[in-house]
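Structure record follows, encoded as structure tokens.
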Amino acid sequence: MSSETFHVPEGLVRATTDREGATGNAWLAELPAIVARLLDAWDCEADGTPAHGEVALVLPVRRGAEPAALKVSFPHPGNRSEPHALRTFDGRGAVRLHEADDDVCGMLLERAGPETLASVASADQAIEIQGDLARRLAVPAPPTAPALADTTDGWLDELDRQTAALPGVVPDAALDRARDTIRALASDTTTTMLHGDLHVGNVLRADREPWLAIHPKGWRGTAAYDAFTVVAVRAGDLLETADPERAFVDRVRRFADAAGVDLELALACVQARATSSLLYERLHRGSWFAMLERLVQLGA
């Protein structure tokens with residue numbers, strides 16, 4: 001595949017330009033040549049239609065008889081730890097890393113999917129699968145792994161900016177609980193890895209194992225942090241139950257039991273992350289308001 005015959009998916013173009021502006025446009029212009037160079041360097045050929053997320057292109061490829069996936073991410077600092085995390089996981093609950101080019105955020109990965117965990121009809125079953133993956137991904141972290149604890153200053157600063165822009169949206173008591181949790185996470189001494197973004201779209205059906213995780217943040221820290229993305233993505237149906245808060249707590253408990261993490265810490269992480277997410281959704285006109293408002297009140 002040459003740079004002349006490769007076309008960047010329109011969805012990735014929109015997401016990148018909306019988020020990154022001129023810097024994103026410059027990266028998009030270089031992306032076909034990056035793909036062509038990596039295909040040549042890793043002796044691969046295209047084997048399907050490119051897919052994408054918000055920050056990366058994923059192209060099905062073959063290297064000889066072996067199916068694989070070529071992933072090229074926008075070179076943001078938040079994407080830099082992914083190959084190091086995949087090396088650390090070494091195929092345990094996550095796709096294997098075959099090759100990496102850190103200069104262009106390129107990776108050659110074990111191919112999985114395209115079916116995601118969203119296809120599982122039972123939300124409870126999906127949560128147990130995610131919890132089991134979170135437990136298996138909690139392998140000893142290398143000393144160089146960035147720590148969840150080191151993200152908390154930025155998280156608090158962002159929360160302050162959000163509340164200044166949207167005063168009164170979140171009750172003071174809920175904001176205090178969220179801040180207390182973030183400050184507690186600043187002292188987290190967990191020595192194992194966590195995924196960091198373990199939603200259903202980041203868990204793919206695979207051949208080597210039934211399900212494998214993709215796109216890890218590569219942080220060192222408590223897997224309780226992942227409880228939010230696990231229970232939030234498919235939680236809208238709980239709003240119609242007689243006791244939504246109890247239903248939310250039951251799902252967090254299901255994840256905590258499968259992941260082997262403390263329930264109270266998992267609930268606190270859900271509440272804190274829901275608080276930040278609610279404010280973000282308000283600022284950016286998102287659509288999760290009703291569900292997030294209930295999660296913000298956890299522990300009230």
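Convention: chains lettered A, B, ... in structure tokens order; per-chain residue numbering from 1; ligands numbered from 1 as shown.
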
Near Ser81 of chain A, within 7 Å and counting only C-alpha atoms, which residues show up once chain neighbours fewer than 3 positions away are dropped, as a compact mmCIF listing (two decimals) with C-alpha atoms, in the first residue's frame?
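The new file selection_27.txt reads:
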```txt
# COMPACT_ATOMS: atom_id res chain seq x y z
CA GLY A 78 -1.26 10.35 26.75
CA HIS A 84 5.20 -0.06 27.25
CA ALA A 85 2.00 -1.27 28.95
CA LYS A 217 -3.26 3.96 29.43
CA GLY A 218 -0.26 2.16 30.87
```

Among segment 86-144 of chain A, which residues carry a DSSP assignment of strand (DSSP E), reported as a PyMOL selection string? chain A and resi 97-101+106-110

Just want the 10 Å neighbourhood of Cys269 of chain A, counted on only C-alpha atoms, with same-chain residues fewer than 6 positions away dropped. Output as a PyMOL selection string. chain A and resi 177-178+181-182+185+223-228+263+275

Within 12 Å of Trp27 of chain A using only C-alpha atoms, minus same-chain residues under 2 positions, as a list in words: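 My reading of the contact set: Val8, Leu12, Val13, Thr16, Thr17, Glu20, Gly21, Ala22, Thr23, Gly24, Asn25, Ala29, Glu30, Leu31, Pro32, Ala33, Ile34, Val35, Val55, Ala56, Leu57, Val72, Ser73, Phe74, Pro75, His76, Val104 and Cys105 of chain A.
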
Taking only C-alpha atoms into account, name the residue in A:Arg87, A:His199, A:Arg111, A:Arg92 that is nearest to Arg63 of chain A. A:Arg111
